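A.B. asks: Below is the file model.pdb, with PDB, C-alpha atoms, pLDDT in the B column.
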ATOM      1  CA  MET U1163      15.644  -9.397  19.459  1.00 80.00           C
ATOM      2  CA  ARG U1164      13.396 -11.546  21.573  1.00 75.00           C
ATOM      3  CA  ASN U1165      13.591 -15.303  21.341  1.00 75.00           C
ATOM      4  CA  GLN U1166      10.724 -16.598  23.450  1.00 65.00           C
ATOM      5  CA  LYS U1167      11.459 -20.286  22.950  1.00 70.00           C
ATOM      6  CA  LYS U1168      15.253 -20.009  22.731  1.00 80.00           C
ATOM      7  CA  GLN U1169      15.250 -21.154  19.106  1.00 82.00           C
ATOM      8  CA  LYS U1170      18.456 -21.423  17.132  1.00 84.00           C
ATOM      9  CA  TRP U1171      18.682 -18.878  14.360  1.00 87.00           C
ATOM     10  CA  PRO U1172      21.481 -17.810  11.998  1.00 92.00           C
ATOM     11  CA  GLU U1173      22.432 -14.363  13.262  1.00 94.00           C
ATOM     12  CA  ALA U1174      25.105 -13.839  10.593  1.00 96.00           C
ATOM     13  CA  GLU U1175      22.626 -14.702   7.831  1.00 97.00           C
ATOM     14  CA  ALA U1176      20.058 -12.342   9.360  1.00 96.00           C
ATOM     15  CA  ASN U1177      22.590  -9.501   9.390  1.00 97.00           C
ATOM     16  CA  ARG U1178      23.524 -10.201   5.758  1.00 98.00           C
ATOM     17  CA  LEU U1179      19.842 -10.359   4.675  1.00 98.00           C
ATOM     18  CA  TYR U1180      19.099  -7.145   6.566  1.00 97.00           C
ATOM     19  CA  LEU U1181      21.854  -5.279   4.727  1.00 98.00           C
ATOM     20  CA  LEU U1182      21.048  -6.770   1.304  1.00 98.00           C
ATOM     21  CA  ALA U1183      17.306  -6.057   1.597  1.00 97.00           C
ATOM     22  CA  SER U1184      17.972  -2.500   2.767  1.00 97.00           C
ATOM     23  CA  GLN U1185      20.375  -1.876  -0.102  1.00 97.00           C
ATOM     24  CA  ALA U1186      17.855  -3.303  -2.600  1.00 97.00           C
ATOM     25  CA  VAL U1187      15.283  -0.730  -1.429  1.00 95.00           C
ATOM     26  CA  GLU U1188      17.889   2.037  -1.691  1.00 95.00           C
ATOM     27  CA  ARG U1189      18.710   1.047  -5.289  1.00 95.00           C
ATOM     28  CA  GLU U1190      15.073   0.634  -6.301  1.00 95.00           C
ATOM     29  CA  PHE U1191      14.126   4.108  -5.097  1.00 92.00           C
ATOM     30  CA  LYS U1192      17.473   5.701  -6.005  1.00 93.00           C
ATOM     31  CA  LEU U1193      17.961   6.935  -2.462  1.00 90.00           C
ATOM     32  CA  THR U1194      21.046   8.956  -1.655  1.00 91.00           C
ATOM     33  CA  ARG U1195      21.031   8.074   2.031  1.00 90.00           C
ATOM     34  CA  PRO U1196      21.099   4.606   3.548  1.00 93.00           C
ATOM     35  CA  VAL U1197      17.856   3.135   4.858  1.00 93.00           C
ATOM     36  CA  ARG U1198      18.293   1.012   7.961  1.00 96.00           C
ATOM     37  CA  PRO U1199      14.901   0.170   9.429  1.00 96.00           C
ATOM     38  CA  ARG U1200      14.561  -0.224  13.165  1.00 96.00           C
ATOM     39  CA  PHE U1201      12.487  -3.132  14.410  1.00 97.00           C
ATOM     40  CA  THR U1202      12.558  -5.972  16.894  1.00 96.00           C
ATOM     41  CA  LEU U1203      12.705  -9.556  15.683  1.00 96.00           C
ATOM     42  CA  VAL U1204      10.527 -11.824  17.824  1.00 95.00           C
ATOM     43  CA  LEU U1205      11.017 -15.569  17.400  1.00 94.00           C
ATOM     44  CA  GLY U1206       8.691 -18.174  18.894  1.00 91.00           C
ATOM     45  CA  PHE U1207       5.508 -16.214  18.254  1.00 91.00           C
ATOM     46  CA  GLU U1208       2.253 -18.017  17.424  1.00 90.00           C
ATOM     47  CA  GLY U1209       2.372 -16.952  13.780  1.00 90.00           C
ATOM     48  CA  ASN U1210       4.102 -14.577  11.412  1.00 95.00           C
ATOM     49  CA  GLN U1211       3.228 -10.895  11.734  1.00 95.00           C
ATOM     50  CA  LEU U1212       4.662  -7.502  11.024  1.00 96.00           C
ATOM     51  CA  ASP U1213       3.408  -4.856  13.431  1.00 95.00           C
ATOM     52  CA  VAL U1214       4.372  -1.322  12.437  1.00 92.00           C
ATOM     53  CA  ASN U1215       2.834   0.120  15.606  1.00 92.00           C
ATOM     54  CA  THR U1216       5.126  -1.820  17.920  1.00 95.00           C
ATOM     55  CA  GLY U1217       7.966  -2.142  15.402  1.00 95.00           C
ATOM     56  CA  GLU U1218       8.041  -5.925  15.653  1.00 96.00           C
ATOM     57  CA  LEU U1219       8.584  -8.641  13.088  1.00 97.00           C
ATOM     58  CA  ARG U1220       7.094 -11.705  14.751  1.00 96.00           C
ATOM     59  CA  MET U1221       7.897 -15.161  13.453  1.00 95.00           C
ATOM     60  CA  ALA U1222       6.958 -18.620  14.664  1.00 93.00           C
ATOM     61  CA  LYS U1223      10.424 -19.825  13.644  1.00 94.00           C
ATOM     62  CA  TRP U1224      13.306 -18.469  11.633  1.00 95.00           C
ATOM     63  CA  ASP U1225      12.446 -18.090   7.948  1.00 96.00           C
ATOM     64  CA  ARG U1226      14.860 -16.178   5.751  1.00 96.00           C
ATOM     65  CA  ARG U1227      12.173 -15.245   3.197  1.00 97.00           C
ATOM     66  CA  ILE U1228       9.818 -13.821   5.827  1.00 97.00           C
ATOM     67  CA  PHE U1229      12.697 -11.986   7.480  1.00 97.00           C
ATOM     68  CA  ALA U1230      13.909 -10.388   4.227  1.00 98.00           C
ATOM     69  CA  ASP U1231      10.333  -9.443   3.326  1.00 97.00           C
ATOM     70  CA  GLY U1232       9.900  -7.878   6.762  1.00 97.00           C
ATOM     71  CA  VAL U1233      13.068  -5.819   6.337  1.00 97.00           C
ATOM     72  CA  ILE U1234      11.778  -4.523   2.989  1.00 97.00           C
ATOM     73  CA  LEU U1235       8.378  -3.670   4.453  1.00 96.00           C
ATOM     74  CA  PHE U1236       9.920  -1.870   7.431  1.00 96.00           C
ATOM     75  CA  CYS U1237      12.167   0.058   5.005  1.00 95.00           C
ATOM     76  CA  MET U1238       9.106   1.166   3.089  1.00 91.00           C
ATOM     77  CA  GLU U1239       7.266   2.088   6.266  1.00 90.00           C
ATOM     78  CA  GLN U1240      10.128   4.060   7.769  1.00 89.00           C
ATOM     79  CA  MET U1241      11.573   5.844   4.745  1.00 87.00           C
ATOM     80  CA  LEU U1242       8.650   8.281   4.581  1.00 84.00           C
ATOM     81  CA  THR U1243       8.685  11.011   7.169  1.00 83.00           C
ATOM     82  CA  PRO U1244       5.379  11.846   8.869  1.00 86.00           C
ATOM     83  CA  ASP U1245       5.347  15.167   6.948  1.00 90.00           C
ATOM     84  CA  THR U1246       5.866  13.439   3.610  1.00 87.00           C
ATOM     85  CA  ARG U1247       3.168  10.896   4.417  1.00 86.00           C
ATOM     86  CA  LEU U1248       0.751  13.738   5.293  1.00 92.00           C
ATOM     87  CA  GLN U1249       1.554  15.552   2.030  1.00 93.00           C
ATOM     88  CA  LEU U1250       0.900  12.361   0.054  1.00 92.00           C
ATOM     89  CA  LEU U1251      -2.399  11.878   1.888  1.00 93.00           C
ATOM     90  CA  ARG U1252      -3.497  15.443   1.109  1.00 95.00           C
ATOM     91  CA  ARG U1253      -2.569  15.076  -2.580  1.00 94.00           C
ATOM     92  CA  THR U1254      -4.462  11.801  -2.788  1.00 93.00           C
ATOM     93  CA  LEU U1255      -7.618  13.244  -1.241  1.00 94.00           C
ATOM     94  CA  LEU U1256      -7.487  16.353  -3.456  1.00 92.00           C
ATOM     95  CA  ALA U1257      -7.058  14.201  -6.551  1.00 92.00           C
ATOM     96  CA  ALA U1258      -9.960  11.985  -5.498  1.00 90.00           C
ATOM     97  CA  GLU U1259     -12.221  15.008  -5.138  1.00 89.00           C
ATOM     98  CA  SER U1260     -11.284  16.431  -8.533  1.00 87.00           C
ATOM     99  CA  VAL U1261     -11.715  13.265 -10.606  1.00 73.00           C
ATOM    100  CA  VAL U1262     -15.121  12.377 -12.008  1.00 68.00           C
ATOM    101  CA  ASP U1263     -15.700   8.664 -12.390  1.00 64.00           C
ATOM    102  CA  VAL U1264     -16.927   7.760 -15.886  1.00 66.00           C
ATOM    103  CA  ASP U1265     -19.291   5.119 -14.516  1.00 65.00           C
ATOM    104  CA  ASP U1266     -20.729   7.675 -12.104  1.00 64.00           C
ATOM    105  CA  LYS U1267     -21.219  10.153 -14.950  1.00 63.00           C
ATOM    106  CA  VAL U1268     -23.002   7.525 -17.076  1.00 61.00           C
ATOM    107  CA  ALA U1269     -25.211   6.480 -14.157  1.00 60.00           C
ATOM    108  CA  ARG U1270     -26.246  10.082 -13.559  1.00 63.00           C
ATOM    109  CA  SER U1271     -27.049  10.653 -17.239  1.00 63.00           C
ATOM    110  CA  GLU U1272     -29.233   7.516 -17.335  1.00 63.00           C
ATOM    111  CA  HIS U1273     -31.432   8.954 -14.587  1.00 59.00           C
ATOM    112  CA  MET U1274     -31.939  12.252 -16.384  1.00 60.00           C
ATOM    113  CA  GLU U1275     -35.077  12.700 -18.489  1.00 58.00           C
ATOM    114  CA  THR U1276     -34.378  12.520 -22.178  1.00 54.00           C
ATOM    115  CA  PRO U1277     -36.439  14.534 -24.640  1.00 54.00           C
ATOM    116  CA  ALA U1278     -38.746  12.637 -26.979  1.00 56.00           C
ATOM    117  CA  VAL U1279     -37.236  12.122 -30.384  1.00 54.00           C
ATOM    118  CA  SER U1280     -39.556  12.134 -33.376  1.00 54.00           C
ATOM    119  CA  PRO U1281     -39.081   9.472 -36.017  1.00 56.00           C
ATOM    120  CA  PRO U1282     -37.989  10.773 -39.411  1.00 57.00           C
ATOM    121  CA  GLY U1283     -40.906  12.340 -41.311  1.00 60.00           C
ATOM    122  CA  ALA U1284     -43.134  12.744 -38.221  1.00 56.00           C
ATOM    123  CA  THR U1285     -44.644  16.085 -37.349  1.00 57.00           C
ATOM    124  CA  HIS U1286     -44.723  17.724 -33.920  1.00 52.00           C
ATOM    125  CA  ALA U1287     -48.409  16.859 -33.620  1.00 54.00           C
ATOM    126  CA  ASP U1288     -47.586  13.128 -34.048  1.00 52.00           C
ATOM    127  CA  ASN U1289     -45.601  13.168 -30.776  1.00 51.00           C
ATOM    128  CA  LYS U1290     -48.593  14.022 -28.572  1.00 51.00           C
ATOM    129  CA  PRO U1291     -49.964  11.125 -26.496  1.00 50.00           C
TER     130      PRO U1291
END
Could you express the structure from this file as structure tokens?

C.D. replies:
Amino acid sequence: MRNQKKQKWPEAEANRLYLLASQAVEREFKLTRPVRPRFTLVLGFEGNQLDVNTGELRMAKWDRRIFADGVILFCMEQMLTPDTRLQLLRRTLLAAESVVDVDDKVARSEHMETPAVSPPGATHADNKP
């Protein structure tokens, strides 16, 4: 925790929100192990940001909604292992390569030459220009 402007903040409420948000993620995803995300709370920042690279939840001032949302987002970020994330990425890219977009298929068929169709009762000789 870094408190750049020495702001007052409810530490007990933050601890309670942290636990409740973490448990909500556990229930939602039916996890068998507890998820306790690691991050640094920074108060007195210029705005509100969540930086997964530095592991910081930056807030201009204490806001229980932003804090709880940050806990949930860090849970989501940290509950996937790097291996699991890589497997999901590979599956996504393979699926993207194997799916043909209907719009793309229609667009390609519109550019193909279509054979001339004779009106009913016309002879082959009638189709010549």

A.B. asks: Quote the spacing between CA of Lys1170 (chain U) and CA of Lys1223 (chain U) in Å to one decimal place.

C.D. replies: 8.9 Å

A.B. asks: Would you kindly return, as a list in words, each protein, DNA or RNA residue with an atom no farther than 12 Å from any atom of Leu1242 (chain U), considering only C-alpha atoms and excluding same-chain residues fewer than 6 positions away?

C.D. replies: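 Near neighbours after the sequence-gap exclusion: Phe1191, Leu1193, Val1197, Pro1199, Leu1235, Phe1236, Leu1248, Gln1249, Leu1250 and Leu1251 of chain U.
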
A.B. asks: For a quick check of your reading of the model, name the residues lying within 12 Å of the coordinate (21.0, -13.6, 13.4), counting only C-alpha atoms, and write them as a PDB file with C-alpha atoms, in the coordinates of the input.

C.D. replies:
ATOM      1  CA  MET U1163      15.644  -9.397  19.459  1.00 80.00           C
ATOM      2  CA  ARG U1164      13.396 -11.546  21.573  1.00 75.00           C
ATOM      3  CA  ASN U1165      13.591 -15.303  21.341  1.00 75.00           C
ATOM      4  CA  GLN U1169      15.250 -21.154  19.106  1.00 82.00           C
ATOM      5  CA  LYS U1170      18.456 -21.423  17.132  1.00 84.00           C
ATOM      6  CA  TRP U1171      18.682 -18.878  14.360  1.00 87.00           C
ATOM      7  CA  PRO U1172      21.481 -17.810  11.998  1.00 92.00           C
ATOM      8  CA  GLU U1173      22.432 -14.363  13.262  1.00 94.00           C
ATOM      9  CA  ALA U1174      25.105 -13.839  10.593  1.00 96.00           C
ATOM     10  CA  GLU U1175      22.626 -14.702   7.831  1.00 97.00           C
ATOM     11  CA  ALA U1176      20.058 -12.342   9.360  1.00 96.00           C
ATOM     12  CA  ASN U1177      22.590  -9.501   9.390  1.00 97.00           C
ATOM     13  CA  ARG U1178      23.524 -10.201   5.758  1.00 98.00           C
ATOM     14  CA  LEU U1179      19.842 -10.359   4.675  1.00 98.00           C
ATOM     15  CA  TYR U1180      19.099  -7.145   6.566  1.00 97.00           C
ATOM     16  CA  THR U1202      12.558  -5.972  16.894  1.00 96.00           C
ATOM     17  CA  LEU U1203      12.705  -9.556  15.683  1.00 96.00           C
ATOM     18  CA  VAL U1204      10.527 -11.824  17.824  1.00 95.00           C
ATOM     19  CA  LEU U1205      11.017 -15.569  17.400  1.00 94.00           C
ATOM     20  CA  TRP U1224      13.306 -18.469  11.633  1.00 95.00           C
ATOM     21  CA  ASP U1225      12.446 -18.090   7.948  1.00 96.00           C
ATOM     22  CA  ARG U1226      14.860 -16.178   5.751  1.00 96.00           C
ATOM     23  CA  PHE U1229      12.697 -11.986   7.480  1.00 97.00           C
TER      24      PHE U1229
END

A.B. asks: Mind pulling up the distance from CA of Gln1240 (chain U) to CA of Pro1196 (chain U)?

C.D. replies: 11.8 Å

A.B. asks: Quick one: distance from CA of Thr1194 (chain U) to CA of Met1238 (chain U) in Å, one decimal?

C.D. replies: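 Distance reported for this atom pair: 15.0 Å.
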
A.B. asks: With only C-alpha atoms as the counted atoms, please give the residues lying no more than 12 Å from Cys1237 (chain U), apart from itself and same-chain residues fewer than 6 positions off, as a list in words.

C.D. replies: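 Using only C-alpha atoms, the neighbours found are Tyr1180, Leu1181, Leu1182, Ala1183, Ser1184, Gln1185, Ala1186, Val1187, Glu1188, Glu1190, Phe1191, Leu1193, Pro1196, Val1197, Arg1198, Pro1199, Arg1200, Phe1201, Val1214, Gly1217, Ala1230, Asp1231 and Thr1243 of chain U.
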
A.B. asks: Could you please take those selected residues and save C-alpha atoms as a PDB file, keeping the file's coordinate frame?

C.D. replies:
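Final file, out02.pdb:
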ATOM      1  CA  TYR U1180      19.099  -7.145   6.566  1.00 97.00           C
ATOM      2  CA  LEU U1181      21.854  -5.279   4.727  1.00 98.00           C
ATOM      3  CA  LEU U1182      21.048  -6.770   1.304  1.00 98.00           C
ATOM      4  CA  ALA U1183      17.306  -6.057   1.597  1.00 97.00           C
ATOM      5  CA  SER U1184      17.972  -2.500   2.767  1.00 97.00           C
ATOM      6  CA  GLN U1185      20.375  -1.876  -0.102  1.00 97.00           C
ATOM      7  CA  ALA U1186      17.855  -3.303  -2.600  1.00 97.00           C
ATOM      8  CA  VAL U1187      15.283  -0.730  -1.429  1.00 95.00           C
ATOM      9  CA  GLU U1188      17.889   2.037  -1.691  1.00 95.00           C
ATOM     10  CA  GLU U1190      15.073   0.634  -6.301  1.00 95.00           C
ATOM     11  CA  PHE U1191      14.126   4.108  -5.097  1.00 92.00           C
ATOM     12  CA  LEU U1193      17.961   6.935  -2.462  1.00 90.00           C
ATOM     13  CA  PRO U1196      21.099   4.606   3.548  1.00 93.00           C
ATOM     14  CA  VAL U1197      17.856   3.135   4.858  1.00 93.00           C
ATOM     15  CA  ARG U1198      18.293   1.012   7.961  1.00 96.00           C
ATOM     16  CA  PRO U1199      14.901   0.170   9.429  1.00 96.00           C
ATOM     17  CA  ARG U1200      14.561  -0.224  13.165  1.00 96.00           C
ATOM     18  CA  PHE U1201      12.487  -3.132  14.410  1.00 97.00           C
ATOM     19  CA  VAL U1214       4.372  -1.322  12.437  1.00 92.00           C
ATOM     20  CA  GLY U1217       7.966  -2.142  15.402  1.00 95.00           C
ATOM     21  CA  ALA U1230      13.909 -10.388   4.227  1.00 98.00           C
ATOM     22  CA  ASP U1231      10.333  -9.443   3.326  1.00 97.00           C
ATOM     23  CA  THR U1243       8.685  11.011   7.169  1.00 83.00           C
TER      24      THR U1243
END

A.B. asks: Of the residues U:Arg1195, U:Lys1167, U:Glu1259, U:Met1221, which is the one nearest to Phe1207 (chain U), using only C-alpha atoms?

C.D. replies: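 So, comparing all the options, the nearest one is U:Met1221.
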
A.B. asks: Mind working out the centre and edge lengths of an axis-aligned box for region 1163-1181 of chain U, all listed atoms inside, 5 Å added to each side, rounded to one decimal in Å and written as lines of an AutoDock Vina configuration file?

C.D. replies:
center_x = 17.9
center_y = -13.4
center_z = 14.1
size_x = 24.4
size_y = 26.1
size_z = 28.8

A.B. asks: Which of these residues is nearest to Asn1210 (chain U), using all atoms listed in the file: U:Arg1252, U:Arg1247, U:Arg1189, U:Arg1227?

C.D. replies: U:Arg1227

A.B. asks: Place N, CA and C atoms on region 1176-1210 of chain U and deliver the coordinates as a short mmCIF file (atom, residue, chain, number, x, y, z; two decimals), in the frame of the given file.

C.D. replies:
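Writing the result to part_31.cif gives the following:
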data_model
loop_
_atom_site.label_atom_id
_atom_site.label_comp_id
_atom_site.auth_asym_id
_atom_site.auth_seq_id
_atom_site.Cartn_x
_atom_site.Cartn_y
_atom_site.Cartn_z
N ALA U 1176 21.04 -13.40 9.14
CA ALA U 1176 20.06 -12.34 9.36
C ALA U 1176 20.69 -10.97 9.12
N ASN U 1177 21.90 -10.78 9.60
CA ASN U 1177 22.59 -9.50 9.39
C ASN U 1177 22.85 -9.26 7.91
N ARG U 1178 23.25 -10.31 7.20
CA ARG U 1178 23.52 -10.20 5.76
C ARG U 1178 22.22 -9.89 5.00
N LEU U 1179 21.12 -10.60 5.32
CA LEU U 1179 19.84 -10.36 4.68
C LEU U 1179 19.33 -8.95 4.96
N TYR U 1180 19.52 -8.50 6.18
CA TYR U 1180 19.10 -7.14 6.57
C TYR U 1180 19.78 -6.11 5.67
N LEU U 1181 21.09 -6.23 5.53
CA LEU U 1181 21.85 -5.28 4.73
C LEU U 1181 21.48 -5.37 3.25
N LEU U 1182 21.38 -6.59 2.72
CA LEU U 1182 21.05 -6.77 1.30
C LEU U 1182 19.64 -6.25 0.98
N ALA U 1183 18.68 -6.53 1.83
CA ALA U 1183 17.31 -6.06 1.60
C ALA U 1183 17.24 -4.53 1.68
N SER U 1184 17.95 -3.96 2.63
CA SER U 1184 17.97 -2.50 2.77
C SER U 1184 18.61 -1.85 1.54
N GLN U 1185 19.70 -2.41 1.08
CA GLN U 1185 20.38 -1.88 -0.10
C GLN U 1185 19.52 -2.03 -1.36
N ALA U 1186 18.75 -3.11 -1.45
CA ALA U 1186 17.86 -3.30 -2.60
C ALA U 1186 16.80 -2.19 -2.64
N VAL U 1187 16.26 -1.82 -1.49
CA VAL U 1187 15.28 -0.73 -1.43
C VAL U 1187 15.96 0.58 -1.83
N GLU U 1188 17.16 0.81 -1.34
CA GLU U 1188 17.89 2.04 -1.69
C GLU U 1188 18.08 2.15 -3.20
N ARG U 1189 18.49 1.04 -3.83
CA ARG U 1189 18.71 1.05 -5.29
C ARG U 1189 17.40 1.25 -6.04
N GLU U 1190 16.37 0.55 -5.61
CA GLU U 1190 15.07 0.63 -6.30
C GLU U 1190 14.53 2.05 -6.32
N PHE U 1191 14.67 2.76 -5.21
CA PHE U 1191 14.13 4.11 -5.10
C PHE U 1191 15.19 5.19 -5.28
N LYS U 1192 16.38 4.77 -5.72
CA LYS U 1192 17.47 5.70 -6.00
C LYS U 1192 17.71 6.69 -4.85
N LEU U 1193 17.77 6.13 -3.66
CA LEU U 1193 17.96 6.94 -2.46
C LEU U 1193 19.43 7.30 -2.31
N THR U 1194 19.67 8.50 -1.85
CA THR U 1194 21.05 8.96 -1.66
C THR U 1194 21.54 8.71 -0.24
N ARG U 1195 20.63 8.37 0.65
CA ARG U 1195 21.03 8.07 2.03
C ARG U 1195 20.66 6.63 2.34
N PRO U 1196 21.42 5.99 3.20
CA PRO U 1196 21.10 4.61 3.55
C PRO U 1196 19.79 4.51 4.34
N VAL U 1197 19.07 3.43 4.10
CA VAL U 1197 17.86 3.14 4.86
C VAL U 1197 18.16 1.93 5.73
N ARG U 1198 18.07 2.10 7.02
CA ARG U 1198 18.29 1.01 7.96
C ARG U 1198 17.11 0.97 8.92
N PRO U 1199 16.11 0.17 8.60
CA PRO U 1199 14.90 0.17 9.43
C PRO U 1199 15.17 -0.36 10.83
N ARG U 1200 14.45 0.21 11.77
CA ARG U 1200 14.56 -0.22 13.16
C ARG U 1200 13.33 -1.06 13.49
N PHE U 1201 13.57 -2.25 13.99
CA PHE U 1201 12.49 -3.13 14.41
C PHE U 1201 13.06 -4.20 15.32
N THR U 1202 12.17 -4.88 16.01
CA THR U 1202 12.56 -5.97 16.89
C THR U 1202 12.11 -7.28 16.27
N LEU U 1203 13.03 -8.22 16.15
CA LEU U 1203 12.70 -9.56 15.68
C LEU U 1203 12.24 -10.37 16.89
N VAL U 1204 11.07 -10.99 16.76
CA VAL U 1204 10.53 -11.82 17.82
C VAL U 1204 10.37 -13.23 17.26
N LEU U 1205 11.13 -14.16 17.80
CA LEU U 1205 11.02 -15.57 17.40
C LEU U 1205 10.21 -16.33 18.44
N GLY U 1206 9.49 -17.36 17.98
CA GLY U 1206 8.69 -18.17 18.89
C GLY U 1206 7.29 -17.63 19.08
N PHE U 1207 6.85 -16.77 18.20
CA PHE U 1207 5.51 -16.21 18.25
C PHE U 1207 4.53 -17.24 17.69
N GLU U 1208 3.25 -17.06 17.90
CA GLU U 1208 2.25 -18.02 17.42
C GLU U 1208 2.16 -18.08 15.91
N GLY U 1209 2.44 -17.01 15.24
CA GLY U 1209 2.37 -16.95 13.78
C GLY U 1209 3.36 -15.92 13.28
N ASN U 1210 3.22 -15.58 12.01
CA ASN U 1210 4.10 -14.58 11.41
C ASN U 1210 3.33 -13.28 11.25
#
